[in-house]
Every structure is written in C-alpha cells, then in structure tokens.
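Trainee: For reference, the file start-v1.pdb (PDB, C-alpha atoms, pLDDT in the B column) is included below:
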ATOM      1  CA  THR A   1      -4.514 -16.521   8.752  1.00 68.00           C
ATOM      2  CA  ALA A   2      -7.465 -17.260  10.970  1.00 81.00           C
ATOM      3  CA  ASP A   3      -7.576 -13.641  12.170  1.00 83.00           C
ATOM      4  CA  PHE A   4      -8.455 -12.268   8.717  1.00 81.00           C
ATOM      5  CA  GLU A   5     -11.309 -12.799   6.321  1.00 84.00           C
ATOM      6  CA  LEU A   6     -11.160 -11.719   2.692  1.00 85.00           C
ATOM      7  CA  VAL A   7     -14.352  -9.747   2.104  1.00 82.00           C
ATOM      8  CA  GLY A   8     -13.693  -8.448  -1.381  1.00 80.00           C
ATOM      9  CA  ARG A   9     -11.362  -7.891  -4.268  1.00 81.00           C
ATOM     10  CA  PHE A  10     -11.710  -4.734  -6.266  1.00 79.00           C
ATOM     11  CA  GLY A  11     -10.267  -3.910  -9.670  1.00 76.00           C
ATOM     12  CA  SER A  12      -9.769  -0.661 -11.524  1.00 72.00           C
ATOM     13  CA  ARG A  13     -13.219  -0.876 -13.117  1.00 83.00           C
ATOM     14  CA  ASP A  14     -15.030  -1.605  -9.839  1.00 82.00           C
ATOM     15  CA  ASP A  15     -16.791   0.989  -7.704  1.00 85.00           C
ATOM     16  CA  TRP A  16     -14.579   0.108  -4.745  1.00 80.00           C
ATOM     17  CA  ARG A  17     -15.614   3.090  -2.669  1.00 79.00           C
ATOM     18  CA  SER A  18     -19.182   1.738  -2.539  1.00 82.00           C
ATOM     19  CA  ALA A  19     -17.907  -1.802  -2.032  1.00 81.00           C
ATOM     20  CA  LEU A  20     -15.902  -0.671   1.016  1.00 81.00           C
ATOM     21  CA  ARG A  21     -19.093   0.440   2.722  1.00 79.00           C
ATOM     22  CA  GLU A  22     -21.085  -2.586   1.602  1.00 81.00           C
ATOM     23  CA  HIS A  23     -18.523  -5.126   2.832  1.00 81.00           C
ATOM     24  CA  LYS A  24     -17.555  -3.240   6.021  1.00 81.00           C
ATOM     25  CA  VAL A  25     -13.850  -3.403   5.184  1.00 86.00           C
ATOM     26  CA  GLU A  26     -11.497  -2.867   8.134  1.00 89.00           C
ATOM     27  CA  VAL A  27      -8.116  -3.197   6.372  1.00 91.00           C
ATOM     28  CA  ALA A  28      -7.331  -2.745   2.687  1.00 89.00           C
ATOM     29  CA  LEU A  29      -4.221  -3.725   0.750  1.00 87.00           C
ATOM     30  CA  GLU A  30      -3.535  -1.151  -1.941  1.00 87.00           C
ATOM     31  CA  CYS A  31      -1.276  -2.752  -4.545  1.00 83.00           C
ATOM     32  CA  THR A  32      -2.285  -1.159  -7.793  1.00 82.00           C
ATOM     33  CA  ARG A  33      -0.021   0.981  -9.946  1.00 82.00           C
ATOM     34  CA  ALA A  34       2.881   3.172  -8.848  1.00 82.00           C
ATOM     35  CA  GLY A  35       1.690   6.709  -8.241  1.00 84.00           C
ATOM     36  CA  LEU A  36      -1.837   5.793  -7.126  1.00 87.00           C
ATOM     37  CA  GLY A  37      -0.967   4.921  -3.532  1.00 89.00           C
ATOM     38  CA  LEU A  38      -1.517   8.424  -2.184  1.00 93.00           C
ATOM     39  CA  GLU A  39      -4.880   8.933  -3.900  1.00 91.00           C
ATOM     40  CA  HIS A  40      -6.176   5.504  -2.945  1.00 90.00           C
ATOM     41  CA  GLY A  41      -4.700   5.659   0.554  1.00 93.00           C
ATOM     42  CA  LEU A  42      -6.415   8.961   1.304  1.00 95.00           C
ATOM     43  CA  ALA A  43      -9.750   7.672  -0.034  1.00 91.00           C
ATOM     44  CA  LEU A  44      -9.459   4.485   2.032  1.00 92.00           C
ATOM     45  CA  LEU A  45      -8.601   6.373   5.212  1.00 95.00           C
ATOM     46  CA  GLU A  46     -11.458   8.819   4.651  1.00 93.00           C
ATOM     47  CA  ALA A  47     -13.780   5.804   4.269  1.00 90.00           C
ATOM     48  CA  GLY A  48     -12.660   4.618   7.716  1.00 92.00           C
ATOM     49  CA  VAL A  49     -10.401   1.814   6.488  1.00 93.00           C
ATOM     50  CA  ASN A  50      -6.922   0.984   7.815  1.00 95.00           C
ATOM     51  CA  ILE A  51      -4.420   0.758   4.975  1.00 94.00           C
ATOM     52  CA  VAL A  52      -1.447  -1.204   3.739  1.00 91.00           C
ATOM     53  CA  ILE A  53       0.026   0.504   0.689  1.00 90.00           C
ATOM     54  CA  ALA A  54       2.267  -1.796  -1.350  1.00 86.00           C
ATOM     55  CA  THR A  55       2.961   0.375  -4.385  1.00 84.00           C
ATOM     56  CA  SER A  56       5.978   2.472  -5.248  1.00 82.00           C
ATOM     57  CA  GLY A  57       5.934   6.211  -5.651  1.00 84.00           C
ATOM     58  CA  ILE A  58       5.076   7.373  -2.133  1.00 87.00           C
ATOM     59  CA  SER A  59       7.201  10.441  -1.344  1.00 88.00           C
ATOM     60  CA  ILE A  60       8.038  11.798   2.103  1.00 90.00           C
ATOM     61  CA  GLU A  61       5.411  14.489   1.527  1.00 94.00           C
ATOM     62  CA  ASP A  62       2.857  11.816   0.586  1.00 93.00           C
ATOM     63  CA  GLN A  63       3.714   9.899   3.762  1.00 92.00           C
ATOM     64  CA  GLU A  64       3.116  13.046   5.807  1.00 95.00           C
ATOM     65  CA  ARG A  65      -0.281  13.596   4.135  1.00 96.00           C
ATOM     66  CA  LEU A  66      -1.278   9.977   4.720  1.00 96.00           C
ATOM     67  CA  ASP A  67      -0.148  10.187   8.344  1.00 95.00           C
ATOM     68  CA  ALA A  68      -2.159  13.363   8.950  1.00 97.00           C
ATOM     69  CA  CYS A  69      -5.240  11.823   7.322  1.00 97.00           C
ATOM     70  CA  ALA A  70      -4.870   8.605   9.319  1.00 96.00           C
ATOM     71  CA  ARG A  71      -4.613  10.558  12.561  1.00 96.00           C
ATOM     72  CA  ALA A  72      -7.615  12.732  11.644  1.00 97.00           C
ATOM     73  CA  HIS A  73      -9.729   9.620  11.037  1.00 96.00           C
ATOM     74  CA  ALA A  74      -8.279   7.571  13.928  1.00 96.00           C
ATOM     75  CA  ARG A  75      -6.967   4.940  11.489  1.00 96.00           C
ATOM     76  CA  GLY A  76      -3.620   3.278  11.001  1.00 93.00           C
ATOM     77  CA  GLY A  77      -1.573   1.935   8.170  1.00 92.00           C
ATOM     78  CA  LEU A  78       1.671   0.755   6.686  1.00 89.00           C
ATOM     79  CA  ILE A  79       3.534   1.852   3.603  1.00 88.00           C
ATOM     80  CA  VAL A  80       5.448  -1.106   2.203  1.00 84.00           C
ATOM     81  CA  PRO A  81       6.493  -0.103  -1.328  1.00 72.00           C
ATOM     82  CA  ASN A  82       7.397  -2.611  -3.976  1.00 64.00           C
ATOM     83  CA  PHE A  83      11.060  -3.380  -3.485  1.00 62.00           C
ATOM     84  CA  SER A  84      11.715  -5.355  -6.673  1.00 63.00           C
ATOM     85  CA  LEU A  85      14.008  -2.663  -8.110  1.00 62.00           C
ATOM     86  CA  GLY A  86      16.006  -2.502  -4.877  1.00 63.00           C
ATOM     87  CA  ALA A  87      16.229  -6.298  -4.759  1.00 66.00           C
ATOM     88  CA  MET A  88      17.478  -6.403  -8.339  1.00 68.00           C
ATOM     89  CA  LEU A  89      20.136  -3.770  -7.620  1.00 69.00           C
ATOM     90  CA  LEU A  90      21.223  -5.664  -4.511  1.00 69.00           C
ATOM     91  CA  LEU A  91      21.626  -8.863  -6.552  1.00 72.00           C
ATOM     92  CA  LYS A  92      23.645  -7.016  -9.216  1.00 74.00           C
ATOM     93  CA  ALA A  93      25.866  -5.401  -6.578  1.00 73.00           C
ATOM     94  CA  SER A  94      26.457  -8.676  -4.767  1.00 72.00           C
ATOM     95  CA  ALA A  95      27.459 -10.364  -8.038  1.00 71.00           C
ATOM     96  CA  ARG A  96      30.170  -7.730  -8.520  1.00 66.00           C
ATOM     97  CA  THR A  97      31.790  -8.114  -5.130  1.00 62.00           C
ATOM     98  CA  GLN A  98      35.011 -10.047  -4.740  1.00 57.00           C
ATOM     99  CA  PRO A  99      35.177 -13.043  -2.404  1.00 60.00           C
ATOM    100  CA  VAL A 100      36.861 -12.431   0.922  1.00 57.00           C
ATOM    101  CA  PRO A 101      40.249 -14.210   1.045  1.00 59.00           C
ATOM    102  CA  ASP A 102      40.820 -16.808   3.781  1.00 59.00           C
TER
END
Let me see the file written as structure tokens.

Mentor:
Amino acid sequence: TADFELVGRFGSRDDWRSALREHKVEVALECTRAGLGLEHGLALLEAGVNIVIATSGISIEDQERLDACARAHARGGLIVPNFSLGAMLLLKASARTQPVPD
C-alpha cells in the first residue's frame, strides 16, 4: 500500500533491536515462532514501535501485559495469531456435516 514503506526485515540472527532504532521503525509485524510473541512484543513496544503480533501462543495474561506496556509507552498494536489450526479444524468439521434436505 502507498501508506507504508518497508524499512527492514530482521531474522533471528539479526540485532533487530539496534535495527529498529537505525531504521526508525513505526510498526513491526512479529511473525516468528509460537511462544515468542510476548517477548518480542514487549521489546518492540519498549523501543517505541507499534506492533502486530501474528504468532500463536499469546495467552490472556500475555495480552494484558502487552496492553499495559502499550499504554505505558503510548503505543498501539494488534494480536492476530496464526489461525491455520482453527482453519483446518473448521474444514474437517464442515466435511462431516450432513447436507440440509430440501
């Protein structure tokens, strides 16, 4: 979209905390491995970055911690976990349903 510019891509071996400052990142998409969303989300918020977390494994307690951190740093974010398991279960369930008679 014209409203966004990709300023960097960071992998697990990159010093992404330094890169955030260097590239003046405003929004980061966190889509690494399940279970890392909280740790990375907190670090991003503390670095002054708005977040979109797209990994699984974010509990209600994690959401509350992320919300408190976002509010403390005047940042925002979305938690949009990977829904592939849910999509697969939905497909399996729909395949088992009987057609509705006319």

Trainee: When distances are computed from all atoms listed in the file, which of A:Ser94, A:Val27, A:Glu64, A:Ile53 shows the smallest separation from A:Asp3?

Mentor: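 Going through A:Ser94, A:Val27, A:Glu64, A:Ile53 one by one, the smallest distance to A:Asp3 is for A:Val27.
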
Trainee: Since I can't run it myself right now, could you work out what the PyMOL selection byres ((chain A and resi 49) around 7) selects here and report it as a PyMOL selection string?

Mentor: chain A and resi 25-28+44-45+47-48+50-51+75

Trainee: Check which residues satisfy the PyMOL selection byres ((chain A and resi 62) around 12) in the file shown, then give them as a list in words.

Mentor: Gly35, Leu36, Gly37, Leu38, Glu39, His40, Gly41, Leu42, Ile53, Ser56, Gly57, Ile58, Ser59, Ile60, Glu61, Gln63, Glu64, Arg65, Leu66, Asp67, Ala68, Cys69 and Ile79 of chain A

Trainee: Name the closest residue to A:Glu30 among the candidates A:Arg71, A:Thr55, A:Glu5, A:Leu78; distances are taken between atoms, counting all atoms listed in the file.

Mentor: A:Thr55

Trainee: Mind pulling up the distance from atom CA of A:Val52 to atom CA of A:Ala72?

Mentor: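 Straight-line distance from atom CA of A:Ala72 to atom CA of A:Val52 works out to 17.2 Å.
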
Trainee: If you take every atom of stretch 35-51 of chain A that the file lists and fit an axis-aligned box around them with 8 Å extra on each side, what centre and edge lengths come out in Å to one decimal, as JSON?

Mentor:
{"center_x": -6.0, "center_y": 4.9, "center_z": -0.2, "size_x": 31.5, "size_y": 24.2, "size_z": 32.1}

Trainee: For a cutoff of 10 Å around the file-coordinate point (-15.3, 6.3, -3.9), which residues qualify once you count all atoms listed in the file? I'd like the result as number ranges by chain.

Mentor: A: 14-21, 40, 43-44, 46-47

Trainee: Using the selection just defined, write its residues with C-alpha atoms as a CSV table (one decimal), in the frame of the given file.

Mentor:
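Result file follows (selection-v7.csv):
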chain,number,residue,atom,x,y,z
A,14,ASP,CA,-15.0,-1.6,-9.8
A,15,ASP,CA,-16.8,1.0,-7.7
A,16,TRP,CA,-14.6,0.1,-4.7
A,17,ARG,CA,-15.6,3.1,-2.7
A,18,SER,CA,-19.2,1.7,-2.5
A,19,ALA,CA,-17.9,-1.8,-2.0
A,20,LEU,CA,-15.9,-0.7,1.0
A,21,ARG,CA,-19.1,0.4,2.7
A,40,HIS,CA,-6.2,5.5,-2.9
A,43,ALA,CA,-9.8,7.7,0.0
A,44,LEU,CA,-9.5,4.5,2.0
A,46,GLU,CA,-11.5,8.8,4.7
A,47,ALA,CA,-13.8,5.8,4.3

Trainee: Separation of atom CA of A:Ala34 and atom CA of A:Gly8, in Å?

Mentor: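 The value is 21.6 Å.
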
Trainee: Tell me, in Å to one decimal, how far atom CA of A:Ser12 is from atom CA of A:Leu29.

Mentor: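 Distance between the two atoms: 13.8 Å.
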
Trainee: Point out the residue among A:Ala2, A:Cys31, A:Val7, A:Ala93 with the least atom-to-atom distance to A:Ala54, counting all atoms listed in the file.

Mentor: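 The answer is A:Cys31, which sits nearest to A:Ala54.
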